[in-house]
file protein-v9.txt (compact mmCIF, C-alpha atoms and all ligand atoms)
# COMPACT_ATOMS: atom_id res chain seq x y z
CA MET A 25 -141.75 -4.45 -24.47
CA GLU A 26 -142.40 -3.78 -28.13
CA VAL A 27 -143.61 -6.72 -30.23
CA ILE A 28 -143.29 -6.49 -34.01
CA ILE A 29 -145.02 -9.15 -36.13
CA LEU A 30 -143.84 -9.39 -39.73
CA PRO A 31 -145.07 -11.46 -42.69
CA SER A 32 -141.91 -13.50 -43.22
CA ALA A 33 -138.69 -14.72 -41.63
CA ALA A 34 -136.74 -12.64 -44.17
CA GLU A 35 -138.50 -9.49 -42.96
CA VAL A 36 -137.63 -10.36 -39.36
CA GLY A 37 -133.93 -10.43 -40.29
CA ARG A 38 -134.17 -7.22 -42.29
CA VAL A 39 -135.98 -5.19 -39.61
CA ALA A 40 -133.74 -6.47 -36.79
CA ALA A 41 -130.61 -5.78 -38.86
CA ALA A 42 -131.81 -2.21 -39.48
CA LYS A 43 -131.94 -1.63 -35.71
CA ILE A 44 -128.40 -2.93 -35.24
CA ALA A 45 -127.13 -0.96 -38.22
CA SER A 46 -128.52 2.26 -36.79
CA ARG A 47 -126.88 1.63 -33.38
CA VAL A 48 -123.50 1.00 -35.06
CA THR A 49 -123.89 4.03 -37.29
CA GLU A 50 -124.62 6.21 -34.23
CA LYS A 51 -121.74 4.64 -32.28
CA PRO A 52 -119.10 2.84 -34.39
CA THR A 53 -117.52 1.34 -31.24
CA ALA A 54 -120.87 -0.15 -30.14
CA VAL A 55 -120.77 -3.36 -28.10
CA ILE A 56 -122.99 -5.96 -29.77
CA GLY A 57 -124.24 -9.01 -27.89
CA LEU A 58 -124.04 -11.90 -30.36
CA ALA A 59 -126.24 -14.99 -30.55
CA THR A 60 -125.56 -18.17 -32.48
CA GLY A 61 -128.06 -20.70 -33.89
CA SER A 62 -130.52 -20.34 -36.76
CA SER A 63 -132.56 -17.36 -35.53
CA PRO A 64 -130.01 -14.56 -36.11
CA GLN A 65 -128.79 -15.86 -39.50
CA GLY A 66 -131.11 -13.51 -41.40
CA ILE A 67 -129.81 -10.59 -39.33
CA TYR A 68 -126.20 -11.44 -40.11
CA ALA A 69 -127.01 -11.92 -43.81
CA ASP A 70 -128.69 -8.51 -44.02
CA LEU A 71 -125.85 -6.84 -42.11
CA LYS A 72 -123.35 -8.43 -44.51
CA ARG A 73 -125.28 -6.98 -47.45
CA ARG A 74 -124.96 -3.52 -45.85
CA VAL A 75 -121.24 -4.02 -45.15
CA ASP A 76 -120.62 -5.22 -48.72
CA ALA A 77 -122.51 -2.19 -50.05
CA GLY A 78 -120.19 0.08 -48.04
CA GLU A 79 -123.08 1.39 -45.89
CA LEU A 80 -121.84 -0.01 -42.59
CA SER A 81 -118.61 -1.02 -40.87
CA PHE A 82 -118.00 -3.21 -37.83
CA ALA A 83 -114.25 -2.49 -37.85
CA LEU A 84 -114.45 -0.60 -34.54
CA ALA A 85 -117.41 -2.46 -33.04
CA ARG A 86 -116.99 -4.96 -30.23
CA GLY A 87 -118.82 -8.22 -29.65
CA PHE A 88 -119.61 -10.59 -26.80
CA ALA A 89 -121.18 -13.98 -27.54
CA LEU A 90 -123.93 -15.26 -25.28
CA ASP A 91 -122.63 -18.74 -24.68
CA GLU A 92 -120.27 -21.60 -25.48
CA TYR A 93 -120.30 -25.36 -25.19
CA LEU A 94 -118.09 -27.17 -22.71
CA GLY A 95 -116.35 -30.39 -23.68
CA ILE A 96 -115.53 -29.77 -27.35
CA PRO A 97 -112.27 -28.30 -28.67
CA ALA A 98 -112.08 -24.63 -29.66
CA ASP A 99 -111.50 -25.60 -33.30
CA HIS A 100 -114.52 -27.95 -33.43
CA PRO A 101 -116.72 -26.61 -36.27
CA GLN A 102 -119.68 -26.34 -33.86
CA SER A 103 -117.86 -24.63 -31.00
CA TYR A 104 -119.41 -21.19 -30.69
CA LEU A 105 -115.92 -19.72 -31.06
CA SER A 106 -115.80 -21.30 -34.55
CA VAL A 107 -119.41 -20.39 -35.34
CA ILE A 108 -119.01 -16.74 -34.30
CA ARG A 109 -115.81 -16.43 -36.37
CA ARG A 110 -117.45 -18.06 -39.41
CA ASP A 111 -120.91 -16.44 -39.21
CA VAL A 112 -120.13 -13.04 -37.73
CA VAL A 113 -116.48 -11.95 -37.45
CA GLU A 114 -115.36 -12.85 -40.97
CA PRO A 115 -118.44 -11.89 -43.01
CA LEU A 116 -119.07 -8.63 -41.12
CA GLY A 117 -115.43 -7.58 -40.83
CA PHE A 118 -115.17 -7.38 -37.04
CA ASN A 119 -111.65 -7.14 -35.64
CA PRO A 120 -111.28 -10.68 -34.16
CA ASP A 121 -109.48 -9.22 -31.12
CA ARG A 122 -112.62 -7.27 -30.26
CA VAL A 123 -114.98 -10.24 -30.28
CA HIS A 124 -115.20 -12.47 -27.21
CA VAL A 125 -116.75 -15.86 -26.57
CA PRO A 126 -116.98 -17.46 -23.10
CA ASP A 127 -113.99 -19.75 -22.57
CA GLY A 128 -115.47 -23.24 -22.52
CA ARG A 129 -112.01 -24.78 -22.26
CA ALA A 130 -110.83 -22.88 -19.16
CA ALA A 131 -109.13 -24.95 -16.46
CA ASP A 132 -111.12 -22.91 -13.94
CA PRO A 133 -114.54 -22.33 -15.58
CA GLU A 134 -115.97 -20.46 -12.57
CA PHE A 135 -113.12 -17.95 -12.76
CA ALA A 136 -113.47 -17.70 -16.56
CA ALA A 137 -117.20 -17.01 -16.18
CA ARG A 138 -116.63 -14.23 -13.66
CA SER A 139 -113.89 -12.78 -15.88
CA TYR A 140 -116.32 -12.73 -18.82
CA ASP A 141 -118.78 -10.55 -16.89
CA SER A 142 -115.88 -8.29 -15.87
CA ALA A 143 -114.78 -7.97 -19.51
CA ILE A 144 -118.31 -6.95 -20.56
CA ALA A 145 -118.38 -4.34 -17.79
CA ALA A 146 -114.89 -3.10 -18.75
CA ALA A 147 -116.12 -2.62 -22.33
CA GLY A 148 -118.83 -0.33 -20.97
CA GLY A 149 -121.65 -2.89 -21.16
CA VAL A 150 -123.57 -4.26 -24.13
CA ASP A 151 -125.33 -1.64 -26.26
CA ILE A 152 -127.64 -4.03 -28.09
CA GLN A 153 -128.06 -7.74 -27.37
CA ILE A 154 -129.29 -10.09 -30.10
CA LEU A 155 -131.30 -13.04 -28.73
CA GLY A 156 -132.95 -16.15 -30.10
CA ILE A 157 -135.32 -18.21 -27.98
CA GLY A 158 -135.35 -21.93 -27.34
CA ALA A 159 -138.56 -23.91 -27.79
CA ASN A 160 -138.49 -24.28 -23.99
CA GLY A 161 -138.22 -20.51 -23.50
CA HIS A 162 -134.48 -20.35 -22.84
CA ILE A 163 -132.36 -17.35 -23.79
CA GLY A 164 -128.63 -17.80 -24.00
CA PHE A 165 -128.46 -21.25 -22.45
CA ASN A 166 -130.43 -20.19 -19.39
CA GLU A 167 -132.69 -23.19 -19.20
CA PRO A 168 -136.02 -23.19 -17.31
CA THR A 169 -135.60 -22.46 -13.57
CA SER A 170 -132.56 -20.21 -14.16
CA SER A 171 -132.47 -17.32 -11.73
CA PHE A 172 -133.35 -13.89 -13.12
CA ALA A 173 -130.33 -12.61 -11.16
CA SER A 174 -127.88 -15.16 -12.61
CA ARG A 175 -124.51 -14.14 -14.00
CA THR A 176 -122.27 -15.91 -16.50
CA ARG A 177 -121.77 -19.48 -15.28
CA VAL A 178 -121.62 -23.14 -16.17
CA LYS A 179 -125.00 -24.80 -16.81
CA THR A 180 -126.33 -28.19 -17.81
CA LEU A 181 -128.16 -28.21 -21.15
CA ALA A 182 -131.78 -29.37 -21.01
CA PRO A 183 -132.52 -32.62 -22.90
CA GLN A 184 -134.78 -30.69 -25.32
CA THR A 185 -131.99 -28.20 -26.11
CA ARG A 186 -129.52 -31.02 -26.79
CA GLU A 187 -132.07 -32.66 -29.06
CA ASP A 188 -132.85 -29.37 -30.86
CA ASN A 189 -129.15 -28.66 -31.40
CA SER A 190 -128.33 -32.22 -32.51
CA ARG A 191 -129.03 -31.01 -36.07
CA PHE A 192 -125.62 -29.34 -35.95
CA PHE A 193 -123.83 -32.54 -34.88
CA ASP A 194 -123.56 -36.04 -36.38
CA SER A 195 -125.57 -37.57 -33.54
CA LEU A 196 -127.28 -36.67 -30.27
CA ASP A 197 -124.53 -38.23 -28.15
CA GLN A 198 -122.01 -35.79 -29.68
CA VAL A 199 -123.95 -32.75 -28.41
CA PRO A 200 -122.22 -31.41 -25.30
CA THR A 201 -124.07 -31.78 -22.01
CA HIS A 202 -122.75 -28.55 -20.45
CA CYS A 203 -122.20 -24.96 -21.48
CA MET A 204 -121.03 -21.61 -20.20
CA THR A 205 -123.71 -18.95 -20.65
CA GLN A 206 -124.27 -15.32 -19.81
CA GLY A 207 -126.80 -15.26 -16.97
CA LEU A 208 -130.23 -13.68 -17.16
CA GLY A 209 -128.92 -10.88 -14.95
CA THR A 210 -125.99 -10.37 -17.35
CA ILE A 211 -128.36 -10.25 -20.34
CA LEU A 212 -130.72 -7.82 -18.58
CA ASP A 213 -127.78 -5.44 -18.04
CA ALA A 214 -127.60 -4.76 -21.80
CA ARG A 215 -128.98 -1.34 -22.72
CA GLU A 216 -131.24 -2.82 -25.41
CA LEU A 217 -132.54 -6.35 -26.08
CA LEU A 218 -133.58 -7.59 -29.51
CA LEU A 219 -135.14 -11.05 -29.59
CA VAL A 220 -136.02 -12.66 -32.90
CA ALA A 221 -138.03 -15.82 -33.56
CA GLN A 222 -139.32 -17.50 -36.68
CA GLY A 223 -141.58 -20.49 -37.26
CA ASP A 224 -144.40 -22.18 -35.39
CA GLY A 225 -141.96 -24.22 -33.30
CA LYS A 226 -141.32 -21.01 -31.34
CA ALA A 227 -144.98 -19.92 -31.02
CA HIS A 228 -145.53 -21.43 -27.59
CA ALA A 229 -142.30 -20.00 -26.16
CA ILE A 230 -143.03 -16.54 -27.60
CA ALA A 231 -146.55 -16.49 -26.14
CA ALA A 232 -145.27 -17.56 -22.72
CA ALA A 233 -142.41 -15.04 -22.78
CA VAL A 234 -144.46 -12.07 -23.98
CA GLU A 235 -147.90 -12.67 -22.44
CA GLY A 236 -147.33 -15.22 -19.71
CA PRO A 237 -146.45 -14.40 -16.12
CA LEU A 238 -142.85 -13.66 -15.16
CA SER A 239 -141.53 -17.12 -14.40
CA SER A 240 -138.18 -18.79 -14.08
CA PHE A 241 -139.83 -21.67 -15.95
CA VAL A 242 -139.84 -19.33 -18.98
CA PRO A 243 -136.45 -17.61 -18.84
CA ALA A 244 -137.31 -15.31 -21.76
CA SER A 245 -140.12 -13.80 -19.66
CA ALA A 246 -137.25 -11.87 -18.02
CA LEU A 247 -137.49 -9.52 -21.01
CA GLN A 248 -140.66 -8.12 -19.38
CA LEU A 249 -138.36 -6.58 -16.75
CA HIS A 250 -136.29 -4.67 -19.32
CA GLU A 251 -137.13 -1.10 -20.25
CA HIS A 252 -135.93 -1.40 -23.86
CA ALA A 253 -136.76 -4.85 -25.21
CA THR A 254 -138.03 -5.54 -28.72
CA VAL A 255 -139.38 -8.90 -29.89
CA ILE A 256 -139.52 -9.36 -33.66
CA VAL A 257 -141.33 -12.44 -34.93
CA ASP A 258 -142.82 -13.77 -38.14
CA GLU A 259 -146.51 -14.64 -38.33
CA ALA A 260 -145.87 -18.32 -37.62
CA ALA A 261 -144.03 -17.54 -34.36
CA ALA A 262 -146.81 -15.10 -33.40
CA THR A 263 -149.68 -17.62 -33.61
CA GLY A 264 -149.81 -18.14 -29.83
CA LEU A 265 -150.19 -14.41 -29.06
CA LYS A 266 -153.66 -13.17 -28.02
C1 LIG B 301 -127.51 -19.17 -29.07
C2 LIG B 301 -128.39 -19.14 -27.91
C3 LIG B 301 -129.69 -19.87 -27.86
C4 LIG B 301 -130.45 -19.85 -29.17
C5 LIG B 301 -131.72 -20.67 -29.05
C6 LIG B 301 -132.49 -20.73 -30.34
O1 LIG B 301 -126.34 -18.42 -28.82
O2 LIG B 301 -128.03 -18.53 -26.96
O3 LIG B 301 -130.50 -19.29 -26.86
O4 LIG B 301 -130.75 -18.54 -29.54
O5 LIG B 301 -131.39 -21.97 -28.66
O6 LIG B 301 -131.74 -21.45 -31.27
P1 LIG B 301 -132.11 -21.39 -32.81
O7 LIG B 301 -131.98 -19.99 -33.24
O8 LIG B 301 -131.08 -22.27 -33.49
O9 LIG B 301 -133.49 -21.90 -32.93

call {"tool": "encode", "arguments": {"input": "protein-v9.txt", "output": "structure tokens"}}
result
Amino acid sequence: MEVIILPSAAEVGRVAAAKIASRVTEKPTAVIGLATGSSPQGIYADLKRRVDAGELSFALARGFALDEYLGIPADHPQSYLSVIRRDVVEPLGFNPDRVHVPDGRAADPEFAARSYDSAIAAAGGVDIQILGIGANGHIGFNEPTSSFASRTRVKTLAPQTREDNSRFFDSLDQVPTHCMTQGLGTILDARELLLVAQGDGKAHAIAAAVEGPLSSFVPASALQLHEHATVIVDEAAATGLK
């Protein structure tokens, strides 16, 4: 695992975006694993700057989101379908037909979850997976005690995750209790992992993921098993590292 510590959150976005831009330049049809939340916003902003400058195009690229809430409509502003369209597809100029989000509204969620893994495999697998990390060490919505072999499936959100994500909703009780998330095994199948974290609220999780033992209590420690994982953090998120 390569760990890159940078002076600011803006630098984290810029350096991570440069890695994605080079993968898409090498392979315009690249499959990008997409994360939502605050952590990748700097990446998307820097990629948009490159697209607007005519340096980069996502027109042929494909995307698979990590996760989706259950129990809110597709057109809810905080559904990850809405967020991915608003934050990624529209600003970066992806073809919407080439960007997929787990179907949190499926009548048969278990079947939808299995189909999602099949669709990733049919696309040839993820070339580069963007990841944030929860304060409790989750990646995707694989909460502590998730199996390292898990595939896309329905999960219960941890109370801390619901509380952390309540900033996107009017109140805590509006935050969904369940989600559909790529499993740790699904994420580890990507050819390259790129995890970004900013701020001291992530310092403990980063230290446990990077320097702690492999543990299902710290799902992000699964990155230690991957042969091409990069963790890019600002100085605040690096304060727990030895
Ligand atoms: C989002 C996701 C989550 C977030 C994590 C950090 O698709 O899968 O693992 O990356 O909860 O969230 P932020 O970036 O909002 O701190």

call {"tool": "atom_distance", "arguments": {"input": "protein-v9.txt", "atom1": "atom CA of Gly223 of chain A", "atom2": "atom CA of Gly57 of chain A"}}
result
22.8 Å

call {"tool": "closest_residue", "arguments": {"input": "protein-v9.txt", "among": "A:Ser190, A:Pro243, A:Asp76, A:Pro183", "to": "Pro168 of chain A", "atoms": "all atoms listed in the file"}}
result
A:Pro243

call {"tool": "residues_around", "arguments": {"input": "protein-v9.txt", "residues": "Arg186 of chain A", "least_positions_apart": "6", "cutoff": "8 Å", "atoms": "all atoms listed in the file", "output": "mmCIF file with C-alpha atoms, keeping the file's coordinate frame"}}
result
data_model
loop_
_atom_site.group_PDB
_atom_site.id
_atom_site.type_symbol
_atom_site.label_atom_id
_atom_site.label_comp_id
_atom_site.auth_asym_id
_atom_site.auth_seq_id
_atom_site.Cartn_x
_atom_site.Cartn_y
_atom_site.Cartn_z
ATOM 1 C CA LEU A 196 -127.280 -36.670 -30.270
ATOM 2 C CA VAL A 199 -123.950 -32.750 -28.410
ATOM 3 C CA PRO A 200 -122.220 -31.410 -25.300
ATOM 4 C CA THR A 201 -124.070 -31.780 -22.010
#

call {"tool": "residues_around", "arguments": {"input": "protein-v9.txt", "residues": "His250 of chain A", "least_positions_apart": "6", "cutoff": "9 Å", "atoms": "all atoms listed in the file", "output": "number ranges by chain"}}
result
A: 25, 212-213, 215-217

call {"tool": "atom_distance", "arguments": {"input": "protein-v9.txt", "atom1": "atom CA of Pro97 of chain A", "atom2": "atom CA of Gly128 of chain A"}}
result
8.6 Å

call {"tool": "residues_around", "arguments": {"input": "protein-v9.txt", "residues": "segment 108-117 of chain A", "least_positions_apart": "5", "cutoff": "10 Å", "atoms": "only C-alpha atoms", "output": "VMD selection string"}}
result
chain A and resid 58 to 61 64 to 65 68 to 69 71 to 76 80 to 85 87 to 89 101 to 103 122 to 125

call {"tool": "write_last_selection", "arguments": {"input": "protein-v9.txt", "atoms": "C-alpha atoms", "output": "CSV table (one decimal), keeping the file's coordinate frame"}}
result
chain,number,residue,atom,x,y,z
A,58,LEU,CA,-124.0,-11.9,-30.4
A,59,ALA,CA,-126.2,-15.0,-30.6
A,60,THR,CA,-125.6,-18.2,-32.5
A,61,GLY,CA,-128.1,-20.7,-33.9
A,64,PRO,CA,-130.0,-14.6,-36.1
A,65,GLN,CA,-128.8,-15.9,-39.5
A,68,TYR,CA,-126.2,-11.4,-40.1
A,69,ALA,CA,-127.0,-11.9,-43.8
A,71,LEU,CA,-125.8,-6.8,-42.1
A,72,LYS,CA,-123.4,-8.4,-44.5
A,73,ARG,CA,-125.3,-7.0,-47.4
A,74,ARG,CA,-125.0,-3.5,-45.8
A,75,VAL,CA,-121.2,-4.0,-45.2
A,76,ASP,CA,-120.6,-5.2,-48.7
A,80,LEU,CA,-121.8,0.0,-42.6
A,81,SER,CA,-118.6,-1.0,-40.9
A,82,PHE,CA,-118.0,-3.2,-37.8
A,83,ALA,CA,-114.2,-2.5,-37.8
A,84,LEU,CA,-114.4,-0.6,-34.5
A,85,ALA,CA,-117.4,-2.5,-33.0
A,87,GLY,CA,-118.8,-8.2,-29.6
A,88,PHE,CA,-119.6,-10.6,-26.8
A,89,ALA,CA,-121.2,-14.0,-27.5
A,101,PRO,CA,-116.7,-26.6,-36.3
A,102,GLN,CA,-119.7,-26.3,-33.9
A,103,SER,CA,-117.9,-24.6,-31.0
A,122,ARG,CA,-112.6,-7.3,-30.3
A,123,VAL,CA,-115.0,-10.2,-30.3
A,124,HIS,CA,-115.2,-12.5,-27.2
A,125,VAL,CA,-116.8,-15.9,-26.6

call {"tool": "atom_distance", "arguments": {"input": "protein-v9.txt", "atom1": "atom CA of Ala261 of chain A", "atom2": "atom CA of His202 of chain A"}}
result
27.7 Å

call {"tool": "residues_around", "arguments": {"input": "protein-v9.txt", "residues": "Asp141 of chain A", "least_positions_apart": "3", "cutoff": "8 Å", "atoms": "only C-alpha atoms", "output": "PyMOL selection string"}}
result
chain A and resi 137-138+144-145+175-176+206+210

call {"tool": "write_last_selection", "arguments": {"input": "protein-v9.txt", "atoms": "C-alpha atoms", "output": "PDB file, in the coordinates of the input"}}
result
ATOM      1  CA  ALA A 137    -117.200 -17.010 -16.180  1.00  0.00           C
ATOM      2  CA  ARG A 138    -116.630 -14.230 -13.660  1.00  0.00           C
ATOM      3  CA  ILE A 144    -118.310  -6.950 -20.560  1.00  0.00           C
ATOM      4  CA  ALA A 145    -118.380  -4.340 -17.790  1.00  0.00           C
ATOM      5  CA  ARG A 175    -124.510 -14.140 -14.000  1.00  0.00           C
ATOM      6  CA  THR A 176    -122.270 -15.910 -16.500  1.00  0.00           C
ATOM      7  CA  GLN A 206    -124.270 -15.320 -19.810  1.00  0.00           C
ATOM      8  CA  THR A 210    -125.990 -10.370 -17.350  1.00  0.00           C
TER       9      THR A 210
END

call {"tool": "residues_around", "arguments": {"input": "protein-v9.txt", "residues": "Ala244 of chain A", "least_positions_apart": "6", "cutoff": "9 Å", "atoms": "all atoms listed in the file", "output": "count of residues only"}}
result
13

call {"tool": "closest_residue", "arguments": {"input": "protein-v9.txt", "among": "A:Gly164, A:Gln222, A:Thr205, A:Tyr93", "to": "Ser106 of chain A", "atoms": "only C-alpha atoms"}}
result
A:Tyr93

call {"tool": "closest_residue", "arguments": {"input": "protein-v9.txt", "among": "A:Glu251, A:Glu187, A:Asp151, A:Asp197", "to": "Thr53 of chain A", "atoms": "only C-alpha atoms"}}
result
A:Asp151
